[in-house]
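Next comes data.tsv, with TSV, C-alpha atoms.
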```tsv
chain	number	residue	atom	x	y	z
A	1	MET	CA	-10.02	-9.56	-58.73
A	2	ASN	CA	-6.93	-11.47	-57.68
A	3	ARG	CA	-7.25	-13.24	-54.30
A	4	TRP	CA	-3.92	-11.79	-53.10
A	5	LEU	CA	-4.98	-8.25	-53.92
A	6	ILE	CA	-8.22	-8.75	-52.00
A	7	LEU	CA	-6.22	-10.11	-49.04
A	8	LEU	CA	-3.83	-7.13	-49.16
A	9	LEU	CA	-6.74	-4.68	-49.28
A	10	TRP	CA	-8.39	-6.43	-46.31
A	11	LEU	CA	-5.14	-6.35	-44.33
A	12	PHE	CA	-4.65	-2.64	-45.06
A	13	CYS	CA	-8.24	-1.82	-44.10
A	14	THR	CA	-7.94	-3.87	-40.93
A	15	TYR	CA	-4.46	-2.86	-39.80
A	16	GLY	CA	-3.51	0.12	-41.98
A	17	GLU	CA	-5.23	2.78	-39.93
A	18	ALA	CA	-3.69	3.98	-36.73
A	19	GLN	CA	-5.04	2.24	-33.69
A	20	THR	CA	-5.55	4.50	-30.69
A	21	PHE	CA	-6.64	4.11	-27.12
A	22	GLU	CA	-9.23	6.34	-25.54
A	23	LEU	CA	-9.71	6.47	-21.77
A	24	ARG	CA	-13.11	7.87	-20.79
A	25	LYS	CA	-14.20	8.66	-17.25
A	26	GLU	CA	-17.82	7.92	-16.39
A	27	HIS	CA	-17.33	8.72	-12.70
A	28	ASP	CA	-14.57	8.43	-10.07
A	29	SER	CA	-14.62	4.65	-10.00
A	30	LEU	CA	-15.74	3.76	-13.54
A	31	TYR	CA	-13.61	4.31	-16.61
A	32	TRP	CA	-13.70	2.86	-20.12
A	33	LEU	CA	-10.61	2.04	-22.15
A	34	ASN	CA	-12.15	1.87	-25.63
A	35	ASP	CA	-14.72	-0.89	-24.98
A	36	TRP	CA	-13.07	-2.32	-21.81
A	37	ARG	CA	-14.83	-1.50	-18.53
A	38	LEU	CA	-12.49	-0.45	-15.72
A	39	PRO	CA	-14.58	-0.30	-12.51
A	40	TYR	CA	-11.74	1.24	-10.47
A	41	PRO	CA	-10.26	4.66	-9.81
A	42	VAL	CA	-7.51	5.40	-12.36
A	43	TYR	CA	-4.38	7.27	-11.26
A	44	GLN	CA	-2.20	7.00	-14.38
A	45	PHE	CA	-2.54	6.42	-18.14
A	46	GLN	CA	0.38	5.99	-20.54
A	47	ILE	CA	0.78	4.71	-24.09
A	48	GLY	CA	3.88	3.01	-25.53
A	49	ASP	CA	5.15	-0.20	-27.07
A	50	VAL	CA	5.65	-2.25	-23.90
A	51	ASP	CA	6.11	-5.67	-25.52
A	52	GLY	CA	8.25	-4.48	-28.45
A	53	ASP	CA	5.96	-5.71	-31.22
A	54	GLY	CA	5.78	-2.34	-33.00
A	55	SER	CA	2.26	-1.43	-31.87
A	56	GLU	CA	1.29	0.83	-29.01
A	57	ASP	CA	-0.03	-0.61	-25.77
A	58	ALA	CA	-2.01	1.16	-23.06
A	59	MET	CA	-0.74	1.18	-19.49
A	60	VAL	CA	-3.45	1.99	-16.98
A	61	GLY	CA	-2.81	2.47	-13.28
A	62	VAL	CA	-5.82	1.46	-11.20
A	63	ILE	CA	-6.50	1.35	-7.48
A	64	LYS	CA	-7.90	-1.99	-6.36
A	65	SER	CA	-7.42	-4.98	-4.14
A	66	THR	CA	-6.52	-8.42	-5.49
A	67	ARG	CA	-7.04	-11.97	-4.36
A	68	PHE	CA	-3.45	-12.17	-3.09
A	69	TYR	CA	-3.27	-8.56	-1.81
A	70	PRO	CA	-6.65	-7.75	-0.19
A	71	GLU	CA	-5.63	-4.21	0.79
A	72	LYS	CA	-6.35	-1.66	-1.94
A	73	GLY	CA	-3.23	-0.53	-3.74
A	74	ARG	CA	-1.97	0.86	-7.00
A	75	ARG	CA	-1.86	-1.77	-9.74
A	76	LEU	CA	-0.75	-1.74	-13.36
A	77	PHE	CA	-2.83	-3.08	-16.24
A	78	ILE	CA	-1.44	-3.31	-19.78
A	79	PHE	CA	-3.70	-3.60	-22.83
A	80	LYS	CA	-3.20	-4.42	-26.52
A	81	GLN	CA	-5.52	-3.22	-29.22
A	82	VAL	CA	-7.21	-5.79	-31.43
A	83	ASN	CA	-9.58	-4.45	-34.10
A	84	LYS	CA	-9.91	-1.18	-32.14
A	85	LYS	CA	-10.87	-3.08	-28.99
A	86	ALA	CA	-8.79	-3.05	-25.82
A	87	ARG	CA	-7.71	-6.51	-24.73
A	88	PRO	CA	-5.64	-7.32	-21.63
A	89	LEU	CA	-1.98	-8.14	-22.15
A	90	TRP	CA	-1.11	-8.13	-18.45
A	91	MET	CA	-3.16	-7.31	-15.39
A	92	GLY	CA	-0.54	-7.20	-12.69
A	93	SER	CA	-1.21	-7.36	-9.01
A	94	LYS	CA	2.33	-6.29	-8.10
A	95	LEU	CA	5.65	-5.23	-9.61
A	96	GLY	CA	8.44	-5.28	-7.01
A	97	GLY	CA	7.79	-2.89	-4.16
A	98	ILE	CA	4.69	-0.90	-3.27
A	99	LEU	CA	3.76	0.90	-6.49
A	100	GLU	CA	3.38	4.66	-6.09
A	101	ASP	CA	3.51	5.72	-9.76
A	102	PHE	CA	4.84	4.61	-13.14
A	103	ARG	CA	5.67	5.98	-16.56
A	104	TYR	CA	6.77	4.62	-19.91
A	105	LYS	CA	10.38	5.46	-20.78
A	106	ASP	CA	12.73	4.08	-23.41
A	107	GLY	CA	10.70	0.92	-24.04
A	108	LYS	CA	10.44	0.10	-20.34
A	109	ILE	CA	8.16	0.88	-17.45
A	110	ARG	CA	9.80	3.06	-14.85
A	111	ALA	CA	8.26	2.58	-11.41
A	112	LEU	CA	8.39	4.73	-8.30
A	113	GLU	CA	7.98	2.29	-5.42
A	114	SER	CA	8.04	2.47	-1.67
A	115	THR	CA	9.43	-0.27	0.54
A	116	THR	CA	8.24	-1.75	3.82
A	117	ASP	CA	10.98	0.18	5.66
A	118	SER	CA	9.58	3.57	4.44
A	119	LEU	CA	12.30	4.12	1.85
A	120	TYR	CA	11.87	4.51	-1.90
A	121	VAL	CA	13.27	3.00	-5.06
A	122	VAL	CA	12.98	3.82	-8.74
A	123	SER	CA	13.13	0.71	-10.93
A	124	ASP	CA	12.88	-0.16	-14.59
A	125	TYR	CA	10.84	-3.15	-15.71
A	126	GLN	CA	10.69	-4.71	-19.16
A	127	TRP	CA	8.36	-7.11	-20.91
A	128	ASP	CA	9.27	-10.81	-20.65
A	129	SER	CA	6.80	-12.91	-22.73
A	130	PHE	CA	4.17	-13.18	-19.97
A	131	GLY	CA	4.56	-10.06	-17.89
A	132	MET	CA	6.85	-7.47	-16.46
A	133	LYS	CA	10.33	-8.44	-15.30
A	134	PHE	CA	12.67	-6.40	-13.12
A	135	ASP	CA	15.44	-4.85	-15.23
A	136	HIS	CA	17.46	-2.64	-12.86
A	137	PHE	CA	17.34	-0.03	-10.12
A	138	ILE	CA	17.73	3.60	-11.09
A	139	ILE	CA	18.08	4.51	-7.42
A	140	LYS	CA	17.27	2.65	-4.20
A	141	GLY	CA	17.03	3.14	-0.46
A	142	VAL	CA	16.35	6.87	-0.62
A	143	ASP	CA	13.82	9.34	0.78
A	144	LYS	CA	10.67	10.20	-1.16
A	145	GLU	CA	11.88	13.58	-2.43
A	146	THR	CA	15.10	12.10	-3.87
A	147	ALA	CA	13.16	9.24	-5.46
A	148	ILE	CA	10.63	11.59	-7.07
A	149	LYS	CA	13.46	13.69	-8.56
A	150	SER	CA	15.05	10.57	-10.02
A	151	PHE	CA	11.71	9.23	-11.27
A	152	SER	CA	10.90	12.53	-12.98
A	153	GLN	CA	14.15	12.73	-15.00
```

Show the structure stored in the file as structure tokens.
Amino acid sequence: MNRWLILLLWLFCTYGEAQTFELRKEHDSLYWLNDWRLPYPVYQFQIGDVDGDGSEDAMVGVIKSTRFYPEKGRRLFIFKQVNKKARPLWMGSKLGGILEDFRYKDGKIRALESTTDSLYVVSDYQWDSFGMKFDHFIIKGVDKETAIKSFSQ
């Protein structure tokens, strides 16, 4: 058989089938994203093409502390899929403000964030080669109810 045909068959078998993410809960503070162990409570799970490469990524919101932010808070992890295995693309400790929730919208991550002065903002972030970069505010300096309405649209 021709070497190129063998290569094409291998590529199709490897990449031709749809790759999917599966989030499984073992208990309140242990989840599995495909084969990746997430030993944290999960508050959000979204799928979308965050980095614009044509393949879906998994966005997982976890509650944990970090080296630079020792108080537990909501964090965002983004995973790629390589041979049906979840692999980290970005494991962020912080976006802009205090992350309350996020969702994937129009190729960006929309974040509902609180500020240190007890106000709220809704911001869009986009992928920038290494991680998430602020794109623009949808709304800022508002009460929680107004922010949630804006975030939900």

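The smallest atom-to-atom distance between Glu56 (chain A) and any of A:Ile148, A:Ile78, A:Leu112, A:Met132, using all atoms listed in the file, is found for A:Ile78.
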
Kindly provide, as JSON, numbers by chain, the polymer residues lying within 8 Å of (12.3, -2.7, -14.1), counting only C-alpha atoms and using the coordinates exactly as they appear in the file. {"A": [108, 109, 110, 111, 123, 124, 125, 126, 132, 133, 134, 135, 136, 137]}

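Among A:Asn34, A:Ser118, A:Gln46, A:Ser29, the residue with the shortest atom-to-atom distance to Ile63 (chain A), counting all atoms listed in the file, is A:Ser29.
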
Using CA of Asp49 (chain A) and CA of Arg75 (chain A) as the two end points, give the distance in Å to one decimal.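 Pair CA of Asp49 (chain A) / CA of Arg75 (chain A) returns 18.8 Å.
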
Can you tell me, as an MDAnalysis selection string, what residues are no more than 12 Å from Lys25 (chain A) when counting only C-alpha atoms, ignoring any on the same chain fewer than 2 positions away? chainID A and resid 22:23 27:34 36:43 45

Restricting the calculation to only C-alpha atoms, which member of A:Ser65, A:Ser114, A:Thr20, A:Gln44 is positioned closest to Lys80 (chain A)? A:Thr20

Have a look at CA of Phe21 (chain A) and CA of Lys94 (chain A) and let me know their distance in Å, one decimal. 23.5 Å

Give me the residues within 8 Å of Gly92 (chain A) as a list in words, counting all atoms listed in the file and dropping any in the same chain fewer than 4 places off.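 Near neighbours after the sequence-gap exclusion: Arg75, Leu76, Phe77 and Gly131 of chain A.
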
Residue among A:Val122, A:Trp127, A:Glu26, A:Thr66 lying closest to Gly107 (chain A), counting all atoms listed in the file: A:Trp127
